[in-house]
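What follows is target_18.cif (mmCIF, C-alpha atoms and all ligand atoms).
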data_start
loop_
_atom_site.label_atom_id
_atom_site.label_comp_id
_atom_site.auth_asym_id
_atom_site.auth_seq_id
_atom_site.Cartn_x
_atom_site.Cartn_y
_atom_site.Cartn_z
CA MET H 1 13.99 8.07 25.15
CA GLU H 2 11.37 5.37 25.49
CA LYS H 3 12.20 2.15 23.65
CA ARG H 4 10.29 1.40 20.45
CA ILE H 5 8.91 -2.03 19.62
CA TYR H 6 9.19 -3.96 16.37
CA ASN H 7 5.82 -3.13 14.86
CA PHE H 8 4.57 -5.75 12.38
CA ALA H 9 1.06 -4.26 12.14
CA ALA H 10 -0.62 -4.40 8.72
CA GLY H 11 -1.92 -0.85 8.87
CA PRO H 12 -1.80 1.74 10.26
CA ALA H 13 1.78 0.62 10.29
CA ILE H 14 5.35 1.47 11.16
CA LEU H 15 6.85 4.78 10.00
CA PRO H 16 10.55 5.60 9.68
CA GLU H 17 12.05 6.70 13.00
CA GLU H 18 13.84 9.57 11.26
CA VAL H 19 10.47 10.88 10.07
CA LEU H 20 8.88 10.64 13.51
CA LEU H 21 11.80 12.45 15.12
CA GLU H 22 11.75 15.18 12.49
CA ALA H 23 7.99 15.63 12.96
CA GLN H 24 8.47 15.69 16.72
CA LYS H 25 11.05 18.44 16.40
CA GLU H 26 8.77 20.47 14.14
CA LEU H 27 5.49 19.77 15.89
CA TYR H 28 5.42 22.62 18.39
CA SER H 29 6.64 25.34 16.09
CA TYR H 30 7.24 24.53 12.43
CA LYS H 31 10.55 26.04 11.30
CA GLY H 32 10.22 29.15 13.45
CA SER H 33 6.65 29.92 12.38
CA GLY H 34 5.38 29.80 15.97
CA MET H 35 2.73 27.20 15.11
CA SER H 36 2.39 23.58 14.14
CA ILE H 37 1.43 22.35 10.68
CA MET H 38 -1.93 21.36 12.14
CA GLU H 39 -2.69 24.94 13.11
CA MET H 40 -1.88 26.78 9.90
CA SER H 41 -3.91 27.62 6.81
CA HIS H 42 -3.74 25.16 3.97
CA ARG H 43 -3.69 28.21 1.68
CA GLY H 44 -0.71 29.84 3.38
CA LYS H 45 2.83 29.98 2.02
CA ILE H 46 4.22 27.30 4.33
CA PHE H 47 1.71 24.61 3.55
CA ASP H 48 1.77 25.51 -0.13
CA SER H 49 5.47 24.70 -0.23
CA ILE H 50 4.93 21.48 1.75
CA ILE H 51 2.37 20.10 -0.70
CA LYS H 52 4.40 21.25 -3.72
CA GLU H 53 7.52 19.55 -2.38
CA ALA H 54 5.57 16.36 -1.67
CA ASP H 55 4.34 16.42 -5.27
CA ALA H 56 7.83 17.09 -6.65
CA ASP H 57 9.50 14.43 -4.47
CA LEU H 58 6.94 11.80 -5.42
CA ARG H 59 7.52 12.66 -9.09
CA LYS H 60 11.25 12.16 -8.54
CA LEU H 61 10.79 8.82 -6.80
CA LEU H 62 8.61 7.32 -9.54
CA ASN H 63 9.73 9.37 -12.57
CA ILE H 64 6.23 10.78 -12.98
CA SER H 65 5.90 13.09 -15.99
CA ASP H 66 3.71 16.16 -16.48
CA ASN H 67 1.25 13.84 -18.21
CA TYR H 68 0.01 12.89 -14.76
CA SER H 69 -1.66 14.76 -11.92
CA ILE H 70 -0.96 13.81 -8.33
CA LEU H 71 -3.87 14.24 -5.94
CA PHE H 72 -3.85 14.06 -2.15
CA LEU H 73 -7.38 13.11 -1.15
CA GLN H 74 -9.32 11.74 1.80
CA GLY H 75 -11.69 8.86 2.41
CA GLY H 76 -8.95 6.25 2.21
CA ALA H 77 -8.55 3.67 -0.50
CA THR H 78 -12.17 2.79 0.21
CA LEU H 79 -13.51 6.00 -1.31
CA GLN H 80 -11.41 5.23 -4.40
CA PHE H 81 -13.42 2.03 -4.83
CA SER H 82 -16.29 4.45 -5.67
CA MET H 83 -14.43 7.35 -7.27
CA VAL H 84 -12.68 5.15 -9.83
CA PRO H 85 -15.88 3.80 -11.43
CA LEU H 86 -17.81 7.06 -10.97
CA ASN H 87 -15.17 8.95 -12.94
CA LEU H 88 -13.74 6.40 -15.34
CA MET H 89 -16.44 3.93 -16.25
CA LEU H 90 -18.13 6.03 -18.91
CA PRO H 91 -18.63 5.89 -21.82
CA ALA H 92 -18.28 2.09 -22.08
CA ASN H 93 -20.17 1.67 -18.79
CA LYS H 94 -18.32 -1.56 -18.11
CA ALA H 95 -15.00 -2.39 -16.50
CA ASP H 96 -12.76 -5.40 -15.94
CA TYR H 97 -11.78 -6.36 -12.38
CA ILE H 98 -9.19 -8.92 -11.30
CA VAL H 99 -10.16 -10.35 -7.94
CA THR H 100 -7.25 -11.41 -5.74
CA GLY H 101 -8.53 -10.78 -2.23
CA THR H 102 -10.72 -8.93 0.23
CA TRP H 103 -9.89 -5.46 -1.06
CA SER H 104 -10.49 -6.34 -4.72
CA LYS H 105 -13.89 -7.69 -3.73
CA LYS H 106 -14.73 -4.47 -1.99
CA ALA H 107 -13.69 -2.53 -5.10
CA VAL H 108 -16.00 -4.72 -7.20
CA LYS H 109 -18.90 -4.14 -4.82
CA GLU H 110 -18.79 -0.37 -5.42
CA ALA H 111 -18.10 -0.60 -9.16
CA LYS H 112 -21.25 -2.69 -9.58
CA ARG H 113 -23.29 0.25 -8.31
CA VAL H 114 -22.03 2.29 -11.25
CA GLY H 115 -21.99 -0.04 -14.24
CA SER H 116 -21.32 -3.54 -15.38
CA VAL H 117 -18.37 -5.40 -13.86
CA ASN H 118 -16.60 -8.23 -15.63
CA ILE H 119 -14.55 -10.42 -13.28
CA VAL H 120 -11.70 -11.31 -15.61
CA ALA H 121 -10.10 -13.68 -13.11
CA SER H 122 -10.55 -14.63 -9.48
CA THR H 123 -8.58 -16.93 -7.20
CA GLU H 124 -11.27 -16.90 -4.52
CA ASN H 125 -12.08 -20.62 -4.83
CA GLU H 126 -8.44 -21.27 -3.83
CA ASN H 127 -8.78 -18.91 -0.86
CA PHE H 128 -6.65 -16.36 -2.73
CA VAL H 129 -3.36 -18.22 -2.29
CA ARG H 130 -2.00 -16.99 -5.60
CA ILE H 131 -1.98 -14.28 -8.25
CA PRO H 132 -3.60 -15.40 -11.54
CA ASN H 133 -1.42 -15.98 -14.61
CA GLN H 134 -1.65 -13.70 -17.61
CA ASN H 135 -3.28 -16.46 -19.71
CA GLU H 136 -6.11 -16.82 -17.18
CA LEU H 137 -7.26 -13.22 -17.66
CA LYS H 138 -10.40 -13.01 -19.80
CA LEU H 139 -9.95 -9.39 -20.74
CA ASP H 140 -12.46 -7.31 -22.70
CA SER H 141 -10.65 -4.98 -25.10
CA THR H 142 -13.61 -2.57 -25.02
CA ALA H 143 -13.72 -2.21 -21.23
CA ALA H 144 -13.43 1.30 -19.77
CA TYR H 145 -10.49 0.14 -17.64
CA VAL H 146 -8.95 -2.86 -15.88
CA HIS H 147 -8.65 -2.74 -12.09
CA PHE H 148 -6.24 -4.83 -10.02
CA THR H 149 -4.80 -4.87 -6.48
CA SER H 150 -1.00 -4.98 -6.59
CA ASN H 151 -0.54 -6.38 -3.08
CA ASN H 152 -3.12 -8.33 -1.13
CA THR H 153 -2.58 -7.21 2.43
CA VAL H 154 -4.78 -9.85 4.03
CA TYR H 155 -3.54 -12.92 2.12
CA GLY H 156 0.09 -11.97 1.55
CA THR H 157 0.22 -12.20 -2.23
CA GLU H 158 1.65 -9.66 -4.66
CA TRP H 159 1.89 -9.15 -8.42
CA LYS H 160 5.50 -9.40 -9.60
CA THR H 161 4.70 -7.37 -12.73
CA GLU H 162 1.51 -5.66 -13.71
CA PRO H 163 -1.00 -7.53 -15.89
CA GLU H 164 -0.72 -6.92 -19.66
CA VAL H 165 -3.92 -5.17 -20.71
CA GLY H 166 -3.15 -3.80 -24.17
CA ASN H 167 -4.66 -0.38 -24.77
CA VAL H 168 -7.23 -0.55 -22.00
CA PRO H 169 -6.43 1.90 -19.17
CA LEU H 170 -4.89 0.12 -16.18
CA VAL H 171 -6.01 1.10 -12.66
CA CYS H 172 -4.24 -0.15 -9.55
CA ASP H 173 -4.99 -0.20 -5.84
CA ALA H 174 -1.40 -0.07 -4.56
CA SER H 175 -2.28 0.76 -0.95
CA SER H 176 -0.10 -1.84 0.69
CA ASP H 177 2.96 -1.86 -1.56
CA PHE H 178 3.10 1.69 -2.91
CA LEU H 179 6.74 2.86 -3.22
CA HIS H 180 8.19 -0.50 -2.19
CA LYS H 181 9.88 -0.54 -5.62
CA LYS H 182 9.97 1.50 -8.80
CA ILE H 183 7.07 0.86 -11.15
CA ASP H 184 6.76 2.19 -14.69
CA ILE H 185 4.00 4.69 -14.12
CA ASN H 186 3.49 5.07 -17.88
CA LYS H 187 1.82 1.66 -17.89
CA TYR H 188 -0.93 3.00 -15.64
CA ALA H 189 -3.90 5.28 -16.15
CA LEU H 190 -4.44 5.60 -12.42
CA VAL H 191 -2.72 4.38 -9.25
CA TYR H 192 -4.18 4.98 -5.80
CA ALA H 193 -2.84 4.21 -2.36
CA GLY H 194 -4.12 4.80 1.14
CA ALA H 195 -1.15 6.15 3.08
CA GLN H 196 -1.32 4.18 6.29
CA LYS H 197 0.42 1.01 5.05
CA ASN H 198 3.62 2.27 3.48
CA ILE H 199 3.81 6.06 3.21
CA GLY H 200 2.21 7.90 6.11
CA PRO H 201 -0.59 8.24 8.59
CA ALA H 202 -4.21 7.23 7.98
CA GLY H 203 -6.36 9.94 6.42
CA VAL H 204 -4.53 10.71 3.22
CA VAL H 205 -4.77 8.80 -0.04
CA VAL H 206 -2.52 9.46 -3.01
CA VAL H 207 -4.01 9.29 -6.50
CA ILE H 208 -1.77 9.46 -9.57
CA ILE H 209 -3.95 9.98 -12.62
CA ARG H 210 -3.05 10.34 -16.30
CA LYS H 211 -4.38 13.69 -17.45
CA ASP H 212 -6.46 12.35 -20.36
CA MET H 213 -8.47 10.34 -17.80
CA LEU H 214 -9.62 13.59 -16.19
CA GLU H 215 -11.71 14.28 -19.28
CA ARG H 216 -13.95 11.36 -18.34
CA SER H 217 -15.12 13.04 -15.13
CA SER H 218 -18.67 14.23 -15.65
CA ASP H 219 -19.84 17.65 -14.39
CA SER H 220 -22.86 15.93 -12.91
CA LEU H 221 -20.75 14.11 -10.31
CA HIS H 222 -20.89 15.28 -6.71
CA THR H 223 -18.09 17.81 -6.45
CA TYR H 224 -15.86 15.94 -4.02
CA MET H 225 -16.17 12.77 -6.10
CA ASN H 226 -14.83 14.46 -9.23
CA TYR H 227 -11.09 13.91 -9.97
CA LYS H 228 -11.03 16.86 -12.37
CA ILE H 229 -12.15 19.25 -9.62
CA HIS H 230 -9.34 18.06 -7.36
CA ALA H 231 -6.78 18.30 -10.16
CA ASP H 232 -7.93 21.80 -11.16
CA ASN H 233 -7.67 22.90 -7.54
CA GLY H 234 -4.30 21.34 -6.72
CA SER H 235 -5.90 19.01 -4.12
CA MET H 236 -7.26 22.09 -2.33
CA TYR H 237 -10.89 22.13 -3.39
CA ASN H 238 -11.59 21.60 0.29
CA THR H 239 -9.26 21.50 3.27
CA PRO H 240 -6.89 18.62 2.64
CA THR H 241 -5.46 16.49 5.41
CA THR H 242 -2.56 18.85 5.96
CA PHE H 243 -0.73 16.88 8.63
CA GLY H 244 -1.00 13.63 6.68
CA ILE H 245 0.41 15.26 3.55
CA TYR H 246 3.24 16.74 5.61
CA ILE H 247 4.19 13.33 7.02
CA ALA H 248 3.89 11.62 3.62
CA GLY H 249 6.17 14.37 2.29
CA LEU H 250 8.75 13.57 4.98
CA VAL H 251 8.53 9.88 4.04
CA PHE H 252 9.19 10.77 0.37
CA LYS H 253 12.29 12.71 1.46
CA TRP H 254 13.37 9.78 3.63
CA LEU H 255 13.08 7.47 0.60
CA LEU H 256 15.13 9.85 -1.54
CA ASN H 257 17.77 10.05 1.21
CA MET H 258 17.86 6.25 1.43
CA GLY H 259 18.90 6.20 -2.23
CA GLY H 260 15.49 6.02 -3.90
CA LEU H 261 13.21 3.14 -4.76
CA ASP H 262 15.77 0.81 -6.33
CA LYS H 263 17.68 0.83 -3.04
CA MET H 264 14.47 0.37 -1.09
CA TYR H 265 13.49 -2.56 -3.31
CA GLU H 266 16.86 -4.23 -2.70
CA ARG H 267 16.32 -3.82 1.04
CA ASN H 268 12.77 -5.17 0.79
CA LEU H 269 13.94 -8.20 -1.21
CA TYR H 270 16.62 -8.88 1.38
CA LYS H 271 14.24 -8.63 4.33
CA ALA H 272 11.56 -10.83 2.76
CA LYS H 273 14.08 -13.45 1.61
CA LEU H 274 15.55 -13.68 5.09
CA LEU H 275 12.14 -14.49 6.55
CA TYR H 276 10.80 -16.75 3.78
CA ASP H 277 14.05 -18.70 3.52
CA TYR H 278 13.98 -19.39 7.23
CA ILE H 279 10.29 -20.40 7.14
CA ASP H 280 11.02 -22.78 4.24
CA SER H 281 13.95 -24.34 6.08
CA THR H 282 11.87 -25.58 9.03
CA ASN H 283 10.37 -28.70 7.41
CA GLY H 284 6.86 -27.38 7.80
CA PHE H 285 7.03 -26.25 11.44
CA TYR H 286 6.53 -22.79 10.02
CA LYS H 287 4.60 -22.94 6.77
CA GLY H 288 3.89 -20.12 4.30
CA THR H 289 0.19 -19.81 3.43
CA VAL H 290 0.50 -18.79 -0.23
CA GLN H 291 2.02 -20.13 -3.43
CA ARG H 292 5.73 -19.29 -3.56
CA ASP H 293 5.68 -17.39 -6.85
CA SER H 294 2.93 -15.13 -5.50
CA ARG H 295 4.53 -14.23 -2.18
CA SER H 296 4.33 -10.64 -1.01
CA LEU H 297 7.43 -8.70 0.00
CA MET H 298 5.28 -6.64 2.35
CA ASN H 299 2.99 -9.06 4.21
CA VAL H 300 4.52 -12.42 5.11
CA THR H 301 1.74 -14.86 6.09
CA PHE H 302 2.53 -18.20 7.72
CA ARG H 303 1.15 -20.81 10.08
CA LEU H 304 2.37 -23.19 12.77
CA PRO H 305 1.34 -26.85 13.21
CA ASN H 306 -1.70 -25.95 15.34
CA GLU H 307 -3.67 -23.01 16.69
CA GLU H 308 -2.47 -23.54 20.25
CA LEU H 309 1.11 -22.96 19.15
CA GLU H 310 0.02 -19.95 17.12
CA LYS H 311 -1.60 -18.38 20.18
CA LYS H 312 1.46 -19.17 22.25
CA ILE H 313 3.95 -17.70 19.79
CA ILE H 314 1.96 -14.50 19.30
CA ALA H 315 1.81 -13.95 23.07
CA GLU H 316 5.49 -14.74 23.52
CA ALA H 317 6.45 -12.49 20.62
CA GLU H 318 4.40 -9.65 22.07
CA SER H 319 6.18 -9.97 25.41
CA LYS H 320 9.53 -9.69 23.62
CA GLY H 321 8.64 -6.56 21.68
CA PHE H 322 7.47 -8.12 18.37
CA SER H 323 4.01 -6.67 17.98
CA GLY H 324 1.06 -6.93 15.56
CA LEU H 325 1.70 -10.47 14.30
CA LYS H 326 -1.78 -11.96 14.50
CA GLY H 327 -2.97 -12.94 11.03
CA HIS H 328 -6.23 -11.68 9.57
CA ARG H 329 -9.13 -13.85 10.77
CA SER H 330 -9.85 -15.09 7.21
CA VAL H 331 -6.35 -16.63 6.98
CA GLY H 332 -5.42 -17.30 10.62
CA GLY H 333 -1.86 -17.87 11.73
CA LEU H 334 0.65 -15.06 11.65
CA ARG H 335 1.22 -12.09 9.38
CA ALA H 336 4.48 -10.19 9.59
CA SER H 337 4.05 -6.90 7.75
CA ILE H 338 7.52 -5.66 6.84
CA TYR H 339 6.87 -2.42 5.01
CA ASN H 340 9.59 -0.01 3.83
CA ALA H 341 10.09 1.48 7.29
CA PHE H 342 10.52 -1.89 9.00
CA PRO H 343 14.22 -2.21 9.88
CA VAL H 344 16.45 -5.04 8.59
CA LYS H 345 17.61 -5.61 12.17
CA GLY H 346 13.99 -6.22 13.18
CA VAL H 347 13.66 -9.05 10.65
CA GLU H 348 17.01 -10.54 11.73
CA ASP H 349 15.97 -10.45 15.38
CA PHE H 350 12.57 -11.92 14.50
CA VAL H 351 14.17 -14.87 12.68
CA GLU H 352 16.29 -15.54 15.80
CA PHE H 353 13.13 -15.42 17.89
CA LEU H 354 11.41 -17.92 15.53
CA LYS H 355 14.42 -20.26 15.77
CA ASP H 356 14.38 -20.11 19.53
CA PHE H 357 10.62 -20.73 19.71
CA LYS H 358 10.91 -23.72 17.37
CA SER H 359 13.68 -25.33 19.38
CA LYS H 360 11.63 -25.03 22.58
CA ASN H 361 8.40 -26.29 21.05
C1 LIG U 401 -5.96 -1.24 3.74
C2 LIG U 401 -6.32 -1.38 2.33
C3 LIG U 401 -7.46 -0.74 1.78
C4 LIG U 401 -8.43 0.07 2.61
O1 LIG U 401 -7.89 1.28 3.01
P1 LIG U 401 -8.75 2.34 3.84
O2 LIG U 401 -7.80 3.46 3.99
O3 LIG U 401 -9.14 1.70 5.14
O4 LIG U 401 -9.92 2.71 3.03
C5 LIG U 401 -7.69 -0.91 0.43
N1 LIG U 401 -6.88 -1.65 -0.34
C6 LIG U 401 -5.79 -2.27 0.15
C7 LIG U 401 -4.93 -3.07 -0.75
C8 LIG U 401 -5.48 -2.16 1.50
O5 LIG U 401 -4.40 -2.78 2.00
#
Show how you would write the structure in this file as structure tokens.
Ligand SMILES: *Cc1c(COP(=O)(O)O)cnc(C)c1O
Amino acid sequence: MEKRIYNFAAGPAILPEEVLLEAQKELYSYKGSGMSIMEMSHRGKIFDSIIKEADADLRKLLNISDNYSILFLQGGATLQFSMVPLNLMLPANKADYIVTGTWSKKAVKEAKRVGSVNIVASTENENFVRIPNQNELKLDSTAAYVHFTSNNTVYGTEWKTEPEVGNVPLVCDASSDFLHKKIDINKYALVYAGAQKNIGPAGVVVVIIRKDMLERSSDSLHTYMNYKIHADNGSMYNTPTTFGIYIAGLVFKWLLNMGGLDKMYERNLYKAKLLYDYIDSTNGFYKGTVQRDSRSLMNVTFRLPNEELEKKIIAEAESKGFSGLKGHRSVGGLRASIYNAFPVKGVEDFVEFLKDFKSKN
């Protein structure tokens, strides 16, 4: 078999090898059906069991109760920037947003088209190098909801625990750290995640919504934009992204087989510590770009002493099979995305590569 590279891309991103091999085996003829998942009706028996299992496995992974609906939608996390305010902002017609990066800003942009947006905290004037503290949040107890971004893919910062928001419904864009650890879903009114960072291919977005929130969806909304319609139709109001849901379902099974999210979290802590500890040990040759207490376990952002060296190391890394390391243009430097599927061995090998590069430069 062809050799695979170490893929550090931020998204679409690495998937578990076991999942790819399983999908490869089942691609031509799914379990003796004589056709692939892509070719069969979303209303048939086979796909019905695939989506039900994906729902059940996700519930197992996060201990999600019957109080919540799980939706598999399309339009990426970006469409959620619109769907969240369209469905949830009434009746208060105002919402609180915590701005910690590019994606939060995009969420704000759409929410402003629907109602009034209160920026309860922003770290933009520090180029988003940290997550705000609880005491910085100027929350409005009458807001329709509070929105935050749990992991900032571009900057490499991550919330260690969710913000305390009292009785106001909490909404989270968890696209780039969804299922990297167990969260207490009961603290949330809604969690959404585009699949292509941590749980599957691009094209599917998971929405976990507390059922009382569905009552906010107005009948006057465009049908696709209405959460209640999707919940009432089991994510099959229209043709869902069947192949994406199938792969996400395989990833959920992979996580369960790996021992669940506590095990995955342990592994993620180990991988991130290995890399950050090495970076911190180099007396500033490699230098993390964000405040230590805000560091992401998923996207490790760091710089070298100058841009020439950064260009050189990215090219050299590429030639040795470490791919996708160029940082986002708003941060520069390097970004090593080490999502759930990224192997421990890959991080170990990468640290050796960094050591070698440092000694030669
Ligand atoms: C990638 C990303 C998005 C955008 O996802 P799309 O699927 O391209 O719409 C939104 N939020 C976060 C945190 C992301 O990492």
Margin query: I'd like the contact shell of segment 62-79 of chain H - 6 Å cut-off, all atoms listed in the file, skipping same-chain residues fewer than 5 positions apart - returned as a ChimeraX atom specification.
Written below: /H:194,203-211,235
Check: Quick one: residues within 12 Å of segment 253-259 of chain H, only C-alpha atoms counted, chain neighbours fewer than 3 positions away excluded, as a ChimeraX atom specification?
Finding: /H:15-22,50,53-62,179-182,198-200,246-250,262-267,340-341
Those same residues, written as a short mmCIF file (atom, residue, chain, number, x, y, z; two decimals), in the frame of the given file with C-alpha atoms?
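Here's the written file out14.cif:
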data_model
loop_
_atom_site.label_atom_id
_atom_site.label_comp_id
_atom_site.auth_asym_id
_atom_site.auth_seq_id
_atom_site.Cartn_x
_atom_site.Cartn_y
_atom_site.Cartn_z
CA LEU H 15 6.85 4.78 10.00
CA PRO H 16 10.55 5.60 9.68
CA GLU H 17 12.05 6.70 13.00
CA GLU H 18 13.84 9.57 11.26
CA VAL H 19 10.47 10.88 10.07
CA LEU H 20 8.88 10.64 13.51
CA LEU H 21 11.80 12.45 15.12
CA GLU H 22 11.75 15.18 12.49
CA ILE H 50 4.93 21.48 1.75
CA GLU H 53 7.52 19.55 -2.38
CA ALA H 54 5.57 16.36 -1.67
CA ASP H 55 4.34 16.42 -5.27
CA ALA H 56 7.83 17.09 -6.65
CA ASP H 57 9.50 14.43 -4.47
CA LEU H 58 6.94 11.80 -5.42
CA ARG H 59 7.52 12.66 -9.09
CA LYS H 60 11.25 12.16 -8.54
CA LEU H 61 10.79 8.82 -6.80
CA LEU H 62 8.61 7.32 -9.54
CA LEU H 179 6.74 2.86 -3.22
CA HIS H 180 8.19 -0.50 -2.19
CA LYS H 181 9.88 -0.54 -5.62
CA LYS H 182 9.97 1.50 -8.80
CA ASN H 198 3.62 2.27 3.48
CA ILE H 199 3.81 6.06 3.21
CA GLY H 200 2.21 7.90 6.11
CA TYR H 246 3.24 16.74 5.61
CA ILE H 247 4.19 13.33 7.02
CA ALA H 248 3.89 11.62 3.62
CA GLY H 249 6.17 14.37 2.29
CA LEU H 250 8.75 13.57 4.98
CA ASP H 262 15.77 0.81 -6.33
CA LYS H 263 17.68 0.83 -3.04
CA MET H 264 14.47 0.37 -1.09
CA TYR H 265 13.49 -2.56 -3.31
CA GLU H 266 16.86 -4.23 -2.70
CA ARG H 267 16.32 -3.82 1.04
CA ASN H 340 9.59 -0.01 3.83
CA ALA H 341 10.09 1.48 7.29
#
Note to self: Neighbouring residues of Ile14 of chain H were defined as those with any atom within 10 Å, considering only C-alpha atoms; residues of the same chain fewer than 5 positions away were excluded. Please report them as a PyMOL selection string.
What the structure shows: chain H and resi 5-9+196-201+337-343
Notebook entry, point to check: Do you have the atom CA of Val347 of chain H-atom CA of Lys311 of chain H distance handy?
Noted result: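 Computing it gives 20.3 Å between the two atoms.
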Margin query: Report as a ChimeraX atom specification all protein, DNA and RNA residues lying within 7 Å of segment 151-166 of chain H, evaluated on all atoms listed in the file, omitting residues in the same chain fewer than 5 positions from it.
Written below: /H:100-101,128-131,134,174,176-177,290,294-296,299-301,328,331
Check: How far is it from atom CA of Asp280 of chain H to atom CA of Val351 of chain H, in Å with one decimal?
Finding: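 It comes out at 12.0 Å.
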Check: Of the candidates H:Val146, H:Met40, H:Asp173, H:Ser49, which shows the shortest atom-to-atom distance to ligand LIG 401 (chain U), using all atoms listed in the file?
Finding: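 When distances to ligand LIG 401 (chain U) are compared using all atoms listed in the file, the smallest one comes from H:Asp173.
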Next item on the list: For each of H:Ile46, H:Ala92, H:Ile37, H:Ala195, take the minimum atom-to-atom distance to ligand LIG 401 (chain U), counting only C-alpha atoms and all ligand atoms, then give the residue where this is smallest.
Entry: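 Of the candidates, the smallest distance to ligand LIG 401 (chain U) is held by H:Ala195.
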Check: Hey, can you check how far atom CA of Lys228 of chain H sits from atom CA of Val251 of chain H?
Finding: 26.5 Å
As AutoDock Vina command-line options: centre and edge lengths in Å, one decimal, of the axis-aligned box holding ligand LIG 401 (chain U) with 3 Å per side:
--center_x -7.2 --center_y 0.2 --center_z 2.2 --size_x 11.5 --size_y 12.5 --size_z 11.9
Note to self: Let me make sure I understand: among H:Val99, H:Ala111, H:Ala193, H:Val117, which one has the smallest atom-to-atom distance to ligand LIG 401 (chain U) if we use only C-alpha atoms and all ligand atoms?
What the structure shows: H:Ala193
Next item on the list: Write out as number ranges by chain each polymer residue whose atoms come within 12 Å of Glu110 of chain H, counting all atoms listed in the file; drop sequence neighbours fewer than 4 positions from it.
Entry: H: 78-86, 89, 95, 97, 103-106, 114-117
Notebook entry, point to check: Between H:Val191, H:Ser36, H:Thr142, H:Leu274, which has the minimum distance to ligand LIG 401 (chain U) (counting all atoms listed in the file)?
Noted result: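 Answer, going by the shortest atom-to-atom distance: H:Val191.
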Check: Of the residues H:Leu354, H:Ala315, H:Val168, H:Val108, which is the one nearest to ligand LIG 401 (chain U), using only C-alpha atoms and all ligand atoms?
Finding: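 Checking each candidate against ligand LIG 401 (chain U), we get H:Val108 as the closest.
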Checklist line | Nearest to Ala336 of chain H, chosen from H:Glu310, H:Gly324, H:Phe285, H:Thr149, with all atoms listed in the file counted in the distances | finding: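 Distance minimum relative to Ala336 of chain H lands on H:Gly324.
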